[in-house]
file final-v5.tsv (TSV, C-alpha atoms and all ligand atoms)
chain	number	residue	atom	x	y	z
A	1	MET	CA	172.32	-48.16	185.85
A	2	THR	CA	174.76	-50.36	183.98
A	3	LYS	CA	173.41	-50.39	180.49
A	4	SER	CA	171.85	-47.63	178.43
A	5	ILE	CA	170.92	-47.85	174.77
A	6	VAL	CA	169.58	-44.80	172.95
A	7	PRO	CA	166.70	-46.16	170.84
A	8	ALA	CA	166.67	-43.34	168.25
A	9	ARG	CA	169.68	-41.22	167.24
A	10	LEU	CA	171.60	-39.97	164.23
A	11	ASN	CA	174.71	-41.53	162.71
A	12	GLU	CA	178.01	-39.66	162.85
A	13	SER	CA	177.45	-37.81	159.58
A	14	ASN	CA	173.93	-36.80	160.67
A	15	ASP	CA	172.31	-38.18	157.53
A	16	LYS	CA	170.73	-41.41	158.77
A	17	LEU	CA	168.31	-42.16	161.58
A	18	ILE	CA	169.63	-45.11	163.59
A	19	LEU	CA	166.97	-47.14	165.37
A	20	LEU	CA	167.41	-50.17	167.53
A	21	ASP	CA	164.92	-52.65	166.07
A	22	GLN	CA	162.96	-53.40	169.23
A	23	THR	CA	160.85	-56.05	167.53
A	24	LEU	CA	163.89	-58.35	167.75
A	25	LEU	CA	164.54	-57.92	171.47
A	26	PRO	CA	165.66	-59.60	173.62
A	27	GLU	CA	167.25	-62.06	171.19
A	28	GLU	CA	168.98	-59.69	168.84
A	29	GLU	CA	170.42	-56.18	169.09
A	30	LYS	CA	170.14	-55.01	165.48
A	31	TYR	CA	170.03	-51.43	164.19
A	32	LEU	CA	168.10	-49.95	161.28
A	33	GLU	CA	169.56	-47.10	159.20
A	34	LEU	CA	166.85	-44.93	157.69
A	35	ASP	CA	166.61	-41.82	155.54
A	36	THR	CA	163.24	-42.08	153.80
A	37	LYS	CA	159.81	-41.09	155.05
A	38	GLU	CA	158.46	-44.54	154.10
A	39	GLY	CA	161.22	-46.24	156.09
A	40	VAL	CA	160.66	-44.10	159.18
A	41	TRP	CA	156.87	-44.52	158.92
A	42	LYS	CA	157.23	-48.29	158.75
A	43	ALA	CA	159.67	-48.42	161.68
A	44	ILE	CA	157.19	-46.51	163.86
A	45	LYS	CA	154.19	-48.51	162.64
A	46	ASN	CA	155.95	-51.89	163.13
A	47	LEU	CA	157.14	-50.87	166.61
A	48	SER	CA	160.84	-51.05	165.72
A	49	VAL	CA	160.82	-47.83	167.69
A	50	ARG	CA	158.02	-47.52	170.24
A	51	GLY	CA	157.12	-45.81	173.48
A	52	ALA	CA	155.67	-42.31	173.30
A	53	PRO	CA	158.80	-40.15	173.89
A	54	ALA	CA	161.03	-42.36	171.68
A	55	ILE	CA	158.49	-42.14	168.85
A	56	GLY	CA	158.65	-38.34	169.12
A	57	ILE	CA	162.46	-38.34	168.99
A	58	ALA	CA	162.50	-40.74	166.02
A	59	ALA	CA	159.95	-38.60	164.16
A	60	ALA	CA	161.99	-35.41	164.70
A	61	TYR	CA	165.23	-37.03	163.54
A	62	GLY	CA	163.39	-38.85	160.75
A	63	LEU	CA	161.98	-35.57	159.48
A	64	TYR	CA	165.41	-33.97	159.63
A	65	VAL	CA	167.26	-36.70	157.67
A	66	CYS	CA	164.57	-36.71	154.99
A	67	LEU	CA	164.81	-32.91	154.64
A	68	LYS	CA	168.59	-32.91	154.66
A	69	LYS	CA	168.55	-34.84	151.35
A	70	ILE	CA	166.29	-32.34	149.61
A	71	GLU	CA	168.33	-30.38	147.07
A	72	THR	CA	166.80	-26.94	146.78
A	73	ASP	CA	167.66	-23.32	147.45
A	74	SER	CA	164.02	-22.42	147.90
A	75	VAL	CA	162.70	-22.09	151.45
A	76	SER	CA	159.10	-22.51	150.29
A	77	GLU	CA	160.08	-25.70	148.43
A	78	LEU	CA	161.67	-26.99	151.65
A	79	GLU	CA	158.53	-26.05	153.58
A	80	LYS	CA	156.33	-28.02	151.18
A	81	GLU	CA	158.54	-31.06	151.69
A	82	LEU	CA	158.49	-30.60	155.45
A	83	VAL	CA	154.71	-30.58	155.51
A	84	LYS	CA	154.53	-33.63	153.22
A	85	ILE	CA	157.00	-35.70	155.26
A	86	SER	CA	155.50	-34.57	158.53
A	87	ASP	CA	151.95	-35.51	157.45
A	88	HIS	CA	153.21	-38.90	156.34
A	89	LEU	CA	154.95	-39.63	159.65
A	90	ALA	CA	151.97	-38.35	161.65
A	91	ALA	CA	149.83	-41.04	160.01
A	92	SER	CA	151.94	-43.88	161.46
A	93	ARG	CA	150.34	-44.27	164.91
A	94	PRO	CA	147.45	-42.23	166.34
A	95	THR	CA	147.59	-42.51	170.12
A	96	ALA	CA	150.97	-41.30	171.42
A	97	VAL	CA	150.75	-37.52	171.40
A	98	ASN	CA	154.55	-37.10	171.52
A	99	LEU	CA	154.64	-37.96	167.81
A	100	PHE	CA	152.48	-34.95	166.91
A	101	TRP	CA	154.13	-32.82	169.58
A	102	ALA	CA	157.62	-33.39	168.13
A	103	LEU	CA	156.51	-32.79	164.53
A	104	LYS	CA	154.71	-29.58	165.55
A	105	ARG	CA	157.79	-28.42	167.39
A	106	MET	CA	159.94	-28.96	164.28
A	107	LYS	CA	157.46	-26.97	162.17
A	108	LYS	CA	157.43	-24.18	164.73
A	109	ARG	CA	161.24	-23.99	164.58
A	110	PHE	CA	161.07	-23.96	160.77
A	111	ASP	CA	158.62	-21.04	160.88
A	112	LEU	CA	160.78	-19.13	163.33
A	113	GLU	CA	163.88	-19.46	161.14
A	114	LYS	CA	161.93	-18.69	157.97
A	115	ASN	CA	160.48	-15.54	159.53
A	116	GLU	CA	163.98	-14.44	160.44
A	117	GLY	CA	164.92	-14.69	156.77
A	118	LYS	CA	167.26	-17.67	157.10
A	119	ASN	CA	168.32	-19.63	154.01
A	120	VAL	CA	167.75	-23.33	153.35
A	121	GLN	CA	171.06	-24.48	154.87
A	122	GLU	CA	170.57	-22.36	157.97
A	123	ILE	CA	167.07	-23.75	158.41
A	124	LYS	CA	168.30	-27.31	158.05
A	125	ASP	CA	170.98	-26.65	160.68
A	126	ALA	CA	168.34	-25.22	163.01
A	127	LEU	CA	166.17	-28.31	162.55
A	128	LEU	CA	169.12	-30.52	163.45
A	129	GLU	CA	169.63	-28.44	166.57
A	130	GLU	CA	165.93	-28.71	167.43
A	131	SER	CA	165.86	-32.49	167.12
A	132	ASN	CA	169.04	-32.82	169.20
A	133	GLN	CA	167.40	-30.58	171.77
A	134	ILE	CA	164.30	-32.81	171.89
A	135	LEU	CA	166.56	-35.78	172.66
A	136	LYS	CA	168.58	-33.89	175.28
A	137	GLU	CA	165.50	-32.53	177.04
A	138	ASP	CA	164.01	-36.00	177.14
A	139	GLN	CA	167.08	-37.35	178.91
A	140	GLU	CA	166.94	-34.56	181.48
A	141	MET	CA	163.19	-34.99	181.99
A	142	ASP	CA	163.52	-38.69	182.73
A	143	LYS	CA	165.90	-38.00	185.59
A	144	ALA	CA	163.64	-35.29	187.02
A	145	ILE	CA	160.59	-37.60	186.81
A	146	GLY	CA	162.57	-40.28	188.61
A	147	GLU	CA	163.62	-37.93	191.40
A	148	HIS	CA	160.05	-36.72	191.99
A	149	ALA	CA	158.70	-40.27	191.98
A	150	LEU	CA	161.30	-41.47	194.42
A	151	ARG	CA	159.82	-39.15	197.05
A	152	LEU	CA	156.68	-41.31	196.97
A	153	LEU	CA	158.52	-44.62	197.32
A	154	GLU	CA	160.31	-46.38	200.15
A	155	PRO	CA	163.18	-48.84	200.22
A	156	GLY	CA	162.17	-52.49	199.87
A	157	MET	CA	158.84	-51.75	198.14
A	158	GLY	CA	157.30	-54.11	195.62
A	159	LEU	CA	156.58	-52.25	192.35
A	160	LEU	CA	154.47	-53.39	189.43
A	161	THR	CA	154.83	-51.97	185.94
A	162	HIS	CA	153.01	-52.64	182.67
A	163	CYS	CA	154.39	-52.50	179.11
A	164	ASN	CA	157.71	-50.71	178.76
A	165	ALA	CA	158.31	-47.19	179.97
A	166	GLY	CA	162.07	-47.57	180.26
A	167	GLY	CA	165.10	-46.20	178.47
A	168	LEU	CA	164.07	-47.88	175.23
A	169	ALA	CA	160.76	-46.03	175.26
A	170	THR	CA	162.50	-42.69	175.84
A	171	SER	CA	166.22	-42.09	175.59
A	172	GLY	CA	167.53	-42.13	179.11
A	173	TYR	CA	166.14	-43.61	182.30
A	174	GLY	CA	162.62	-43.99	181.00
A	175	THR	CA	159.63	-42.64	182.88
A	176	ALA	CA	158.14	-45.44	185.02
A	177	GLU	CA	161.57	-47.06	185.22
A	178	ALA	CA	163.43	-43.88	186.17
A	179	PRO	CA	162.78	-44.14	189.94
A	180	MET	CA	163.64	-47.81	189.78
A	181	TYR	CA	167.14	-47.05	188.43
A	182	LEU	CA	167.69	-44.08	190.73
A	183	GLY	CA	166.44	-46.09	193.71
A	184	CYS	CA	168.71	-48.98	192.79
A	185	ASP	CA	171.74	-46.65	192.76
A	186	ARG	CA	170.75	-45.54	196.27
A	187	GLY	CA	170.26	-49.03	197.70
A	188	TYR	CA	166.44	-48.97	197.71
A	189	ASP	CA	166.31	-52.67	196.86
A	190	PHE	CA	162.94	-52.58	195.08
A	191	LYS	CA	161.28	-55.86	194.10
A	192	ILE	CA	159.99	-55.13	190.63
A	193	TYR	CA	157.26	-57.07	188.84
A	194	ALA	CA	156.90	-56.62	185.09
A	195	ASP	CA	153.63	-57.55	183.43
A	196	GLU	CA	154.43	-59.54	180.31
A	197	THR	CA	152.02	-57.28	178.35
A	198	ARG	CA	150.08	-59.18	175.75
A	199	PRO	CA	149.95	-59.33	172.79
A	200	LEU	CA	153.41	-58.00	171.85
A	201	LEU	CA	155.17	-58.65	175.15
A	202	GLN	CA	156.88	-55.29	175.62
A	203	GLY	CA	157.00	-56.06	179.36
A	204	ALA	CA	158.68	-59.45	179.03
A	205	ARG	CA	160.85	-58.66	176.02
A	206	ILE	CA	161.90	-55.10	176.80
A	207	THR	CA	161.22	-54.09	180.44
A	208	ALA	CA	162.57	-57.35	181.82
A	209	PHE	CA	165.54	-57.14	179.42
A	210	GLU	CA	166.42	-53.59	180.48
A	211	LEU	CA	165.99	-54.08	184.22
A	212	TYR	CA	167.72	-57.44	184.28
A	213	GLU	CA	170.67	-56.13	182.26
A	214	ALA	CA	170.94	-53.22	184.68
A	215	GLY	CA	171.10	-55.65	187.60
A	216	LEU	CA	167.73	-54.79	189.19
A	217	ASP	CA	165.55	-57.35	190.95
A	218	VAL	CA	162.88	-57.98	188.31
A	219	THR	CA	160.31	-60.77	188.05
A	220	VAL	CA	158.13	-61.27	184.97
A	221	ILE	CA	154.50	-62.25	185.44
A	222	THR	CA	151.84	-62.87	182.83
A	223	ASP	CA	149.17	-60.18	182.72
A	224	ASN	CA	146.54	-62.41	184.31
A	225	MET	CA	148.69	-62.91	187.42
A	226	ALA	CA	148.56	-59.27	188.57
A	227	ALA	CA	145.53	-59.79	190.85
A	228	GLN	CA	147.11	-62.76	192.57
A	229	VAL	CA	150.43	-60.97	193.08
A	230	MET	CA	148.60	-57.99	194.56
A	231	LYS	CA	146.50	-60.23	196.80
A	232	GLU	CA	149.68	-61.85	198.08
A	233	GLY	CA	150.78	-58.39	199.25
A	234	LYS	CA	153.76	-58.22	196.94
A	235	ILE	CA	152.87	-54.87	195.33
A	236	ASP	CA	153.11	-51.52	197.17
A	237	ALA	CA	152.78	-49.24	194.13
A	238	VAL	CA	152.04	-49.45	190.42
A	239	LEU	CA	154.18	-47.30	188.09
A	240	VAL	CA	153.34	-46.93	184.40
A	241	GLY	CA	154.09	-44.59	181.52
A	242	SER	CA	151.54	-42.93	179.28
A	243	ASP	CA	150.94	-42.25	175.59
A	244	ARG	CA	148.64	-39.31	176.15
A	245	ILE	CA	147.19	-37.60	179.18
A	246	ALA	CA	144.04	-35.56	178.64
A	247	ALA	CA	143.42	-32.14	180.19
A	248	ASN	CA	141.17	-33.71	182.85
A	249	GLY	CA	143.79	-36.31	183.90
A	250	ASP	CA	142.45	-39.39	182.08
A	251	ALA	CA	145.49	-41.25	180.76
A	252	ALA	CA	146.03	-43.61	177.83
A	253	ASN	CA	148.61	-46.36	178.03
A	254	LYS	CA	149.25	-49.84	176.69
A	255	ILE	CA	146.21	-52.11	176.60
A	256	GLY	CA	145.78	-53.79	179.98
A	257	THR	CA	146.73	-50.73	182.04
A	258	LEU	CA	143.08	-50.02	182.88
A	259	GLY	CA	142.64	-53.53	184.29
A	260	VAL	CA	145.71	-53.10	186.49
A	261	ALA	CA	144.42	-49.71	187.71
A	262	ILE	CA	141.05	-51.23	188.66
A	263	LEU	CA	142.82	-54.02	190.55
A	264	ALA	CA	145.10	-51.54	192.31
A	265	LYS	CA	142.07	-49.57	193.54
A	266	GLU	CA	140.45	-52.77	194.81
A	267	TYR	CA	143.61	-53.68	196.76
A	268	GLY	CA	144.28	-50.12	198.00
A	269	ILE	CA	147.55	-49.82	196.07
A	270	PRO	CA	148.62	-46.37	194.79
A	271	PHE	CA	148.64	-46.10	191.00
A	272	TYR	CA	151.01	-43.61	189.36
A	273	PHE	CA	151.39	-42.40	185.79
A	274	LEU	CA	154.90	-41.11	185.07
A	275	ALA	CA	155.27	-38.97	181.96
A	276	PRO	CA	156.94	-35.84	180.63
A	277	THR	CA	154.69	-32.80	180.16
A	278	SER	CA	155.03	-33.39	176.38
A	279	THR	CA	152.68	-36.36	176.93
A	280	ILE	CA	149.98	-34.10	178.40
A	281	ASP	CA	147.71	-32.79	175.67
A	282	LEU	CA	145.60	-29.85	176.79
A	283	GLU	CA	143.76	-29.99	173.46
A	284	THR	CA	142.45	-33.44	174.40
A	285	GLU	CA	139.63	-32.65	176.83
A	286	THR	CA	139.03	-36.13	178.28
A	287	GLY	CA	140.06	-39.73	177.66
A	288	ALA	CA	137.04	-40.19	175.40
A	289	ASP	CA	138.77	-37.89	172.88
A	290	ILE	CA	141.88	-40.06	172.62
A	291	GLU	CA	142.04	-42.14	169.46
A	292	ILE	CA	142.86	-45.72	170.31
A	293	GLU	CA	145.05	-47.45	167.75
A	294	LEU	CA	143.59	-50.66	166.38
A	295	ARG	CA	146.27	-53.09	165.25
A	296	ASP	CA	146.36	-56.09	162.96
A	297	PRO	CA	144.37	-59.03	164.41
A	298	GLU	CA	147.20	-61.29	163.24
A	299	GLU	CA	149.24	-60.06	166.22
A	300	ILE	CA	146.76	-62.04	168.33
A	301	ARG	CA	146.05	-64.98	166.03
A	302	ASN	CA	149.65	-65.49	164.99
A	303	GLY	CA	151.73	-64.28	167.92
A	304	PHE	CA	155.43	-64.12	167.03
A	305	GLY	CA	154.98	-66.41	164.03
A	306	LYS	CA	153.12	-69.14	165.92
A	307	ARG	CA	149.47	-69.95	165.29
A	308	THR	CA	147.88	-68.88	168.59
A	309	ALA	CA	144.21	-68.83	167.50
A	310	PRO	CA	142.28	-70.32	164.58
A	311	LYS	CA	143.39	-68.67	161.34
A	312	GLU	CA	139.96	-67.32	160.41
A	313	VAL	CA	138.61	-66.48	163.89
A	314	LYS	CA	137.73	-62.83	164.57
A	315	ALA	CA	140.25	-61.06	166.81
A	316	TYR	CA	140.00	-57.57	168.28
A	317	ASN	CA	143.26	-55.76	168.92
A	318	PRO	CA	143.10	-52.28	170.50
A	319	ALA	CA	146.67	-51.28	171.37
A	320	PHE	CA	145.81	-48.91	174.23
A	321	ASP	CA	143.19	-48.21	176.86
A	322	VAL	CA	142.33	-45.17	178.92
A	323	THR	CA	142.47	-45.14	182.69
A	324	PRO	CA	139.90	-42.67	184.06
A	325	LYS	CA	141.33	-40.07	186.43
A	326	GLU	CA	139.44	-41.56	189.41
A	327	TYR	CA	141.83	-44.53	189.38
A	328	ILE	CA	144.98	-42.42	189.34
A	329	THR	CA	146.71	-41.50	192.60
A	330	ALA	CA	149.11	-39.03	190.98
A	331	ILE	CA	150.69	-38.06	187.69
A	332	ILE	CA	154.44	-37.56	188.00
A	333	THR	CA	156.07	-35.21	185.49
A	334	GLU	CA	159.48	-33.55	185.24
A	335	LYS	CA	157.88	-30.45	186.74
A	336	GLY	CA	156.61	-32.25	189.81
A	337	ILE	CA	153.89	-34.47	191.25
A	338	VAL	CA	150.33	-33.68	190.17
A	339	GLU	CA	147.55	-34.83	192.48
A	340	PRO	CA	143.76	-34.52	192.12
A	341	PRO	CA	141.92	-32.38	191.21
A	342	PHE	CA	143.82	-33.07	188.00
A	343	ARG	CA	142.22	-30.53	185.66
A	344	GLU	CA	143.15	-27.59	187.89
A	345	ASN	CA	146.55	-28.94	188.85
A	346	ILE	CA	147.53	-29.91	185.30
A	347	LYS	CA	146.69	-26.37	184.19
A	348	LYS	CA	149.09	-24.99	186.81
A	349	LEU	CA	151.93	-27.02	185.24
A	350	PHE	CA	151.64	-25.04	182.02
A	351	LYS	CA	151.31	-21.61	183.61
A	352	ASP	CA	154.85	-20.47	182.80
B	401	LIG	O1	152.82	-49.84	171.65
B	401	LIG	P1	153.95	-49.24	172.41
B	401	LIG	O2	155.01	-50.25	172.75
B	401	LIG	O3	154.52	-48.03	171.72
B	401	LIG	O4	153.32	-48.75	173.77
B	401	LIG	C1	154.13	-48.11	174.69
B	401	LIG	C2	153.45	-47.74	175.94
B	401	LIG	O5	152.28	-47.94	176.10
B	401	LIG	C3	154.27	-47.02	176.98
B	401	LIG	O6	153.87	-47.38	178.26
B	401	LIG	C4	154.09	-45.51	176.80
B	401	LIG	O7	154.37	-45.12	175.48
B	401	LIG	C5	154.94	-44.72	177.72
B	401	LIG	S1	156.66	-44.82	177.33
B	401	LIG	C6	157.50	-43.84	178.41

call {"tool": "encode", "arguments": {"input": "final-v5.tsv", "output": "structure tokens"}}
result
Amino acid sequence: MTKSIVPARLNESNDKLILLDQTLLPEEEKYLELDTKEGVWKAIKNLSVRGAPAIGIAAAYGLYVCLKKIETDSVSELEKELVKISDHLAASRPTAVNLFWALKRMKKRFDLEKNEGKNVQEIKDALLEESNQILKEDQEMDKAIGEHALRLLEPGMGLLTHCNAGGLATSGYGTAEAPMYLGCDRGYDFKIYADETRPLLQGARITAFELYEAGLDVTVITDNMAAQVMKEGKIDAVLVGSDRIAANGDAANKIGTLGVAILAKEYGIPFYFLAPTSTIDLETETGADIEIELRDPEEIRNGFGKRTAPKEVKAYNPAFDVTPKEYITAIITEKGIVEPPFRENIKKLFKD
């Protein structure tokens, strides 16, 4: 792996959230410096930071920098602010569960410190530690996911991925991209196909950018070419990330994933979701309970500033879809490979 950019981190004085503005990729590598809840909300909403784990990391750091500025000696005052900022950030995007997971984790740490009688400064320091820990764990999880996935893959395979589940969606190797990088280091010589991923082109702009920069063999295809590429025998496995996996194994990911999963089943190609356990939400019973984000129709009518459909025409823009568990060969987490029956086997992951 030759190039690694951390999409969400703190500056040296730990008072600003630094985000790579992914909306500008691959043309420009520009960073945002944020320390307000409105700024962090907007950066998540606009997809300056995107990808489920990276959104969680940005939210944790965003919450911390906003709280750091609060001048008070009162723990209950700080708590009120924490709840306010957290609620605001939680309203940015509804589908990726890592956002809520990270905010909940920060609140839990706050409660722990408060119950131990810590003062405001000590609590702030603990929240900094917690957010750094979220980032560090994410980096370790990516590697573990990659190692587990590699056991299912063979040198020379053709791999298809959709959207971006790489280092810019997490903070390390990515999830779906992790085995690609690890395999590359070990001479696996994968032939990787990246779906362009309409309408915002995370596959073409980000996945292709990351893999190409890292020197991997990557080919971009438009979304409607996946069937042809599979029919030509070029794909041996499909690897994607996820925004939320329900307790029964149904998994949400970028719009278009469901179509790829249906095609993979038709062509007998294994279909894998790769995600940290923080993406599995046991409180979400099935995929039907996952809220699908609806985005501005202008992203379809006016793609990247160019009129791509009549100005007044209706456009429907769900950002995610849910792949039912029946289409999923396995879910690969940092704790191991989960095969059907998913409900039982997912439960086992959380036993300890
Ligand atoms: O709208 P986005 O770009 O945030 O969507 C991202 C995805 O769908 C990713 O595949 C998913 O978050 C997994 S990232 C490891």

call {"tool": "residues_near_ligand", "arguments": {"input": "final-v5.tsv", "ligand": "ligand LIG 401 (chain B)", "cutoff": "8 Å", "atoms": "all atoms listed in the file", "output": "PDB file with C-alpha atoms, in the frame of the given file"}}
result
ATOM      1  CA  LEU A  47     157.140 -50.870 166.610  1.00  0.00           C
ATOM      2  CA  VAL A  49     160.820 -47.830 167.690  1.00  0.00           C
ATOM      3  CA  ARG A  50     158.020 -47.520 170.240  1.00  0.00           C
ATOM      4  CA  GLY A  51     157.120 -45.810 173.480  1.00  0.00           C
ATOM      5  CA  ALA A  52     155.670 -42.310 173.300  1.00  0.00           C
ATOM      6  CA  PRO A  53     158.800 -40.150 173.890  1.00  0.00           C
ATOM      7  CA  ALA A  54     161.030 -42.360 171.680  1.00  0.00           C
ATOM      8  CA  ILE A  55     158.490 -42.140 168.850  1.00  0.00           C
ATOM      9  CA  ALA A  96     150.970 -41.300 171.420  1.00  0.00           C
ATOM     10  CA  HIS A 162     153.010 -52.640 182.670  1.00  0.00           C
ATOM     11  CA  CYS A 163     154.390 -52.500 179.110  1.00  0.00           C
ATOM     12  CA  ASN A 164     157.710 -50.710 178.760  1.00  0.00           C
ATOM     13  CA  ALA A 165     158.310 -47.190 179.970  1.00  0.00           C
ATOM     14  CA  GLY A 166     162.070 -47.570 180.260  1.00  0.00           C
ATOM     15  CA  GLY A 167     165.100 -46.200 178.470  1.00  0.00           C
ATOM     16  CA  ALA A 169     160.760 -46.030 175.260  1.00  0.00           C
ATOM     17  CA  THR A 170     162.500 -42.690 175.840  1.00  0.00           C
ATOM     18  CA  GLY A 174     162.620 -43.990 181.000  1.00  0.00           C
ATOM     19  CA  THR A 175     159.630 -42.640 182.880  1.00  0.00           C
ATOM     20  CA  ALA A 176     158.140 -45.440 185.020  1.00  0.00           C
ATOM     21  CA  LEU A 200     153.410 -58.000 171.850  1.00  0.00           C
ATOM     22  CA  GLN A 202     156.880 -55.290 175.620  1.00  0.00           C
ATOM     23  CA  VAL A 240     153.340 -46.930 184.400  1.00  0.00           C
ATOM     24  CA  GLY A 241     154.090 -44.590 181.520  1.00  0.00           C
ATOM     25  CA  SER A 242     151.540 -42.930 179.280  1.00  0.00           C
ATOM     26  CA  ASP A 243     150.940 -42.250 175.590  1.00  0.00           C
ATOM     27  CA  ALA A 252     146.030 -43.610 177.830  1.00  0.00           C
ATOM     28  CA  ASN A 253     148.610 -46.360 178.030  1.00  0.00           C
ATOM     29  CA  LYS A 254     149.250 -49.840 176.690  1.00  0.00           C
ATOM     30  CA  ILE A 255     146.210 -52.110 176.600  1.00  0.00           C
ATOM     31  CA  LEU A 274     154.900 -41.110 185.070  1.00  0.00           C
ATOM     32  CA  ALA A 275     155.270 -38.970 181.960  1.00  0.00           C
ATOM     33  CA  ALA A 319     146.670 -51.280 171.370  1.00  0.00           C
ATOM     34  CA  PHE A 320     145.810 -48.910 174.230  1.00  0.00           C
TER      35      PHE A 320
END

call {"tool": "residues_around", "arguments": {"input": "final-v5.tsv", "residues": "Ser278 of chain A", "least_positions_apart": "4", "cutoff": "12 Å", "atoms": "all atoms listed in the file", "output": "PyMOL selection string"}}
result
chain A and resi 52-54+56-57+96-105+134+137-138+141-142+170+242-246+274+282+333-335+349-350

call {"tool": "residues_around", "arguments": {"input": "final-v5.tsv", "residues": "Leu211 of chain A", "least_positions_apart": "4", "cutoff": "12 Å", "atoms": "all atoms listed in the file", "output": "PyMOL selection string"}}
result
chain A and resi 1-4+26+161+164-168+173-174+176-181+184+190-194+203-207+215-220

call {"tool": "residues_near_point", "arguments": {"input": "final-v5.tsv", "point": "(157.8, -45.2, 154.4)", "cutoff": "12 Å", "atoms": "all atoms listed in the file", "output": "PyMOL selection string"}}
result
chain A and resi 34-46+59+62-63+66+85-92

call {"tool": "residues_around", "arguments": {"input": "final-v5.tsv", "residues": "segment 258-266 of chain A", "least_positions_apart": "3", "cutoff": "9 Å", "atoms": "only C-alpha atoms", "output": "PDB file with C-alpha atoms, keeping the file's coordinate frame"}}
result
ATOM      1  CA  HIS A 162     153.010 -52.640 182.670  1.00  0.00           C
ATOM      2  CA  ASP A 223     149.170 -60.180 182.720  1.00  0.00           C
ATOM      3  CA  ALA A 226     148.560 -59.270 188.570  1.00  0.00           C
ATOM      4  CA  ALA A 227     145.530 -59.790 190.850  1.00  0.00           C
ATOM      5  CA  MET A 230     148.600 -57.990 194.560  1.00  0.00           C
ATOM      6  CA  ILE A 235     152.870 -54.870 195.330  1.00  0.00           C
ATOM      7  CA  ALA A 237     152.780 -49.240 194.130  1.00  0.00           C
ATOM      8  CA  VAL A 238     152.040 -49.450 190.420  1.00  0.00           C
ATOM      9  CA  ALA A 252     146.030 -43.610 177.830  1.00  0.00           C
ATOM     10  CA  ASN A 253     148.610 -46.360 178.030  1.00  0.00           C
ATOM     11  CA  LYS A 254     149.250 -49.840 176.690  1.00  0.00           C
ATOM     12  CA  ILE A 255     146.210 -52.110 176.600  1.00  0.00           C
ATOM     13  CA  ILE A 269     147.550 -49.820 196.070  1.00  0.00           C
ATOM     14  CA  PRO A 270     148.620 -46.370 194.790  1.00  0.00           C
ATOM     15  CA  PHE A 271     148.640 -46.100 191.000  1.00  0.00           C
ATOM     16  CA  ASP A 321     143.190 -48.210 176.860  1.00  0.00           C
ATOM     17  CA  VAL A 322     142.330 -45.170 178.920  1.00  0.00           C
ATOM     18  CA  THR A 323     142.470 -45.140 182.690  1.00  0.00           C
ATOM     19  CA  PRO A 324     139.900 -42.670 184.060  1.00  0.00           C
ATOM     20  CA  TYR A 327     141.830 -44.530 189.380  1.00  0.00           C
ATOM     21  CA  ILE A 328     144.980 -42.420 189.340  1.00  0.00           C
TER      22      ILE A 328
END

call {"tool": "residues_around", "arguments": {"input": "final-v5.tsv", "residues": "segment 28-30 of chain A", "least_positions_apart": "2", "cutoff": "12 Å", "atoms": "only C-alpha atoms", "output": "ChimeraX atom specification"}}
result
/A:5,7,18-26,32-33,48-49,205-206,209

call {"tool": "residues_around", "arguments": {"input": "final-v5.tsv", "residues": "Tyr316 of chain A", "least_positions_apart": "4", "cutoff": "9 Å", "atoms": "all atoms listed in the file", "output": "PyMOL selection string"}}
result
chain A and resi 294-297+300

call {"tool": "atom_distance", "arguments": {"input": "final-v5.tsv", "atom1": "atom CA of Asn248 of chain A", "atom2": "atom CA of Gly336 of chain A"}}
result
17.0 Å

call {"tool": "atom_distance", "arguments": {"input": "final-v5.tsv", "atom1": "atom CA of Ala315 of chain A", "atom2": "atom CA of Gly303 of chain A"}}
result
12.0 Å

call {"tool": "closest_residue", "arguments": {"input": "final-v5.tsv", "among": "A:Leu127, A:Leu239, A:Ala251, A:Leu112", "to": "Leu153 of chain A", "atoms": "all atoms listed in the file"}}
result
A:Leu239

call {"tool": "atom_distance", "arguments": {"input": "final-v5.tsv", "atom1": "atom CA of Thr329 of chain A", "atom2": "atom CA of Asp189 of chain A"}}
result
23.0 Å

call {"tool": "closest_residue", "arguments": {"input": "final-v5.tsv", "among": "A:Asp236, A:Phe273, A:Pro199, A:Gly187", "to": "Asn317 of chain A", "atoms": "all atoms listed in the file"}}
result
A:Pro199

call {"tool": "closest_residue", "arguments": {"input": "final-v5.tsv", "among": "A:Leu182, A:Ala208, A:Val120, A:Met225", "to": "Ala144 of chain A", "atoms": "only C-alpha atoms"}}
result
A:Leu182
